[in-house]
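S.K.: The structure that follows is given in the form of structure tokens.
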Amino acid sequence: MELTEYQSFYQQLNERNDAFRQFIIYLFLTSVLLAVFFALWFSKELNEPIQVLTNMAREVSAGKLDGKTIEIQSNDEMKILGEAFNQMRGNIRELIQEMQKKSEQEQLMKELELKHLQNQVNPHFLFNTLNTISRMAFLENADQTTRLIESVSSLLRYSLGDLEKSVPLREEVKVVKDYFYIQQTRFFDRITFHTDIDEGCLDTRVPRLILQPLVENAFIHGIEGREEGGEICLSVRDADSCIIVEVADNGVGMSESIIQKYRHLTGSDKKKGHTGHSTGLGLENVMRRLQLFFGMDNLVQILSEPEKGTKIQLHLPKSTLRGDEQ
């Protein structure tokens with residue numbers, strides 16, 4: 001009887017030992033699985049931002065600076081590192097854009113200087129002007145001829161000035177008036193010029209040689225070839241936040257396709273545009289120099305229809321630090 005009780009007790013003890021052993025094994029396995037899970041979770045939390053930063057660093061090293069902004073959700077050092085990386089990439093992008101802009105401006109000025117050396121005065125224009133002076137000197141005694149010679153001298157002197165310096169709008173208007181006088185003397189009543197100038201706007205500083213090319217283009221490509229002649233108007237007026245300079249003619253006009261090309265002009269465009277008698281400069285050259293000078297786009301508006309004339313408006317900012325300083 002005692003032996004039977006002992007065997008029963010021993011069997012229960014073994015069963016408890018087995019159960020305890022299984023519990024220990026399950027506890028161990030559970031602990032291991034939890035440890036692996038948390039290790040993987042922490043590894044992912046740490047590794048994912050590092051992978052994002054690594055990929056972005058590869059993109060930056062390859063020259064791709066316009067990728068998406070890095071967003072790291074954690075509030076630890078990785079988030080600070082991500083924000084610093086975003087700031088660094090933005091600074092690099094702005095620096096490169098600034099360098100490209102400066103390089104483009106320098107290239108534009110070099111091209112402009114070269115054109116001035118090559119085409120400061122087109123021989124055809126100079127020949128016609130000198131013929132006009134000669135005829136007037138023969139037909140009358142001096143006063144009007146003197147005025148014409150002064151206009152030509154002023155025009156040539158201005159075109160030889162320092163192209164890198166800005167000038168008051170007043171000087172641009174004066175040169176245009178000299179050009180008007182020369183052409184009126186040449187063509188008499190066939191060409192009519194009108195001006196409507198707000199004197200209070202003429203202290204605004206602008207790049208040198210932006211108005212004369214526009215007036216020349218209006219004359220050459222708008223009305224010079226028309227037997228019935230035409231008229232060109234220059235106006236300067238105050239319009240709240242900007243000064244509007246408008247050159248208008250009643251000539252042959254432009255097609256919509258040509259206007260669209262100018263409206264979508266970029267720094268990489270190398271189209272051959274309208275050029276003038278005495279400057280050799282095109283409309284696209286004027287547009288790009290205005291963009292670079294003021295650091296803004298959409299400063300030039302073109303309104304034109306075939307056979308209905310053309311209006312070119314320059315919207316010059318009043319309070320542009322760069323324009324005021326130069």
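All residue names refer to the structure tokens as shown: chains lettered A, B, ... in order, residues numbered from 1 in each chain, ligands numbered from 1 in order.
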Please give the complete set of residues from segment 36-251 of chain A that DSSP, run on the backbone, assigns to strand (DSSP E), formatted as a PyMOL selection string.

M.R.: chain A and resi 166-168+191-197+205-207+230-239+242-249

S.K.: Using only C-alpha atoms, which residues sit within 8 Å of Ile70 of chain A once same-chain residues fewer than 6 positions away are excluded, as a list of chain:residue names?

M.R.: A:Val52, A:Leu53, A:Gly82, A:Glu83, A:Asn86

S.K.: What's the 10 Å shell around Tyr179 of chain A, counting only C-alpha atoms, without same-chain residues fewer than 2 positions away, as a tab-separated table (two decimals) with N, CA, C and O atoms, in the first residue's frame?

M.R.:
chain	number	residue	atom	x	y	z
A	148	LEU	N	21.37	117.30	-86.47
A	148	LEU	CA	21.46	115.91	-86.91
A	148	LEU	C	22.80	115.31	-86.54
A	148	LEU	O	22.89	114.16	-86.05
A	151	SER	N	22.88	114.47	-82.93
A	151	SER	CA	22.11	113.26	-82.63
A	151	SER	C	22.91	112.00	-82.95
A	151	SER	O	22.93	111.03	-82.18
A	152	VAL	N	23.57	112.03	-84.12
A	152	VAL	CA	24.39	110.87	-84.50
A	152	VAL	C	25.54	110.69	-83.51
A	152	VAL	O	25.83	109.57	-83.07
A	154	SER	N	25.70	111.65	-80.38
A	154	SER	CA	25.16	111.18	-79.11
A	154	SER	C	24.84	109.69	-79.16
A	154	SER	O	25.13	108.93	-78.23
A	155	LEU	N	24.28	109.27	-80.29
A	155	LEU	CA	23.92	107.85	-80.46
A	155	LEU	C	25.17	106.97	-80.43
A	155	LEU	O	25.21	105.93	-79.75
A	173	VAL	N	15.82	107.16	-72.80
A	173	VAL	CA	14.81	107.92	-73.54
A	173	VAL	C	15.48	108.97	-74.42
A	173	VAL	O	15.08	109.19	-75.57
A	174	LYS	N	16.52	109.63	-73.90
A	174	LYS	CA	17.23	110.66	-74.69
A	174	LYS	C	17.84	110.05	-75.96
A	174	LYS	O	17.74	110.64	-77.04
A	175	VAL	N	18.45	108.87	-75.82
A	175	VAL	CA	19.05	108.23	-76.98
A	175	VAL	C	17.98	107.85	-78.00
A	175	VAL	O	18.19	107.98	-79.22
A	176	VAL	N	16.85	107.38	-77.52
A	176	VAL	CA	15.75	107.03	-78.44
A	176	VAL	C	15.27	108.27	-79.19
A	176	VAL	O	14.98	108.21	-80.39
A	177	LYS	N	15.19	109.39	-78.50
A	177	LYS	CA	14.78	110.63	-79.17
A	177	LYS	C	15.79	111.04	-80.25
A	177	LYS	O	15.40	111.52	-81.32
A	181	TYR	N	14.98	111.38	-84.20
A	181	TYR	CA	15.30	112.56	-85.01
A	181	TYR	C	16.06	112.17	-86.28
A	181	TYR	O	15.77	112.68	-87.36
A	182	ILE	N	17.01	111.26	-86.13
A	182	ILE	CA	17.77	110.81	-87.30
A	182	ILE	C	16.85	110.19	-88.35
A	182	ILE	O	16.92	110.50	-89.54
A	183	GLN	N	15.97	109.30	-87.91
A	183	GLN	CA	15.09	108.62	-88.86
A	183	GLN	C	14.04	109.56	-89.45
A	183	GLN	O	13.67	109.43	-90.62
A	184	GLN	N	13.56	110.50	-88.67
A	184	GLN	CA	12.62	111.48	-89.21
A	184	GLN	C	13.29	112.35	-90.26
A	184	GLN	O	12.69	112.70	-91.28
A	185	THR	N	14.53	112.69	-90.00
A	185	THR	CA	15.28	113.48	-90.99
A	185	THR	C	15.48	112.69	-92.27
A	185	THR	O	15.42	113.23	-93.38
A	212	GLN	N	16.58	101.44	-77.20
A	212	GLN	CA	16.94	101.68	-78.60
A	212	GLN	C	16.77	100.43	-79.47
A	212	GLN	O	16.22	100.52	-80.57
A	215	VAL	N	13.05	100.11	-80.32
A	215	VAL	CA	12.59	101.10	-81.29
A	215	VAL	C	13.14	100.78	-82.68
A	215	VAL	O	12.43	100.88	-83.69
A	216	GLU	N	14.39	100.37	-82.73
A	216	GLU	CA	14.98	99.99	-84.02
A	216	GLU	C	14.24	98.80	-84.64
A	216	GLU	O	13.96	98.79	-85.85
A	278	SER	N	21.84	99.95	-85.53
A	278	SER	CA	23.04	100.46	-84.88
A	278	SER	C	23.50	99.66	-83.69
A	278	SER	O	24.61	99.84	-83.22

S.K.: Which residues are near segment 59-68 of chain A? Cut-off 12 Å, only C-alpha atoms, ignore same chain within fewer than 6 positions. Put them as a list in words.

M.R.: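 Within the cut-off, the hits are Val52, Leu53, Phe85, Asn86, Gln87, Met88, Arg89, Gly90, Asn91, Ile92, Arg93, Glu94, Leu95, Ile96 and Gln97 of chain A.
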
S.K.: Calculate how many Å separate atom CA of Ile210 of chain A from atom CA of Leu290 of chain A, rounding to one decimal.

M.R.: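 Those two atoms sit 8.1 Å apart.
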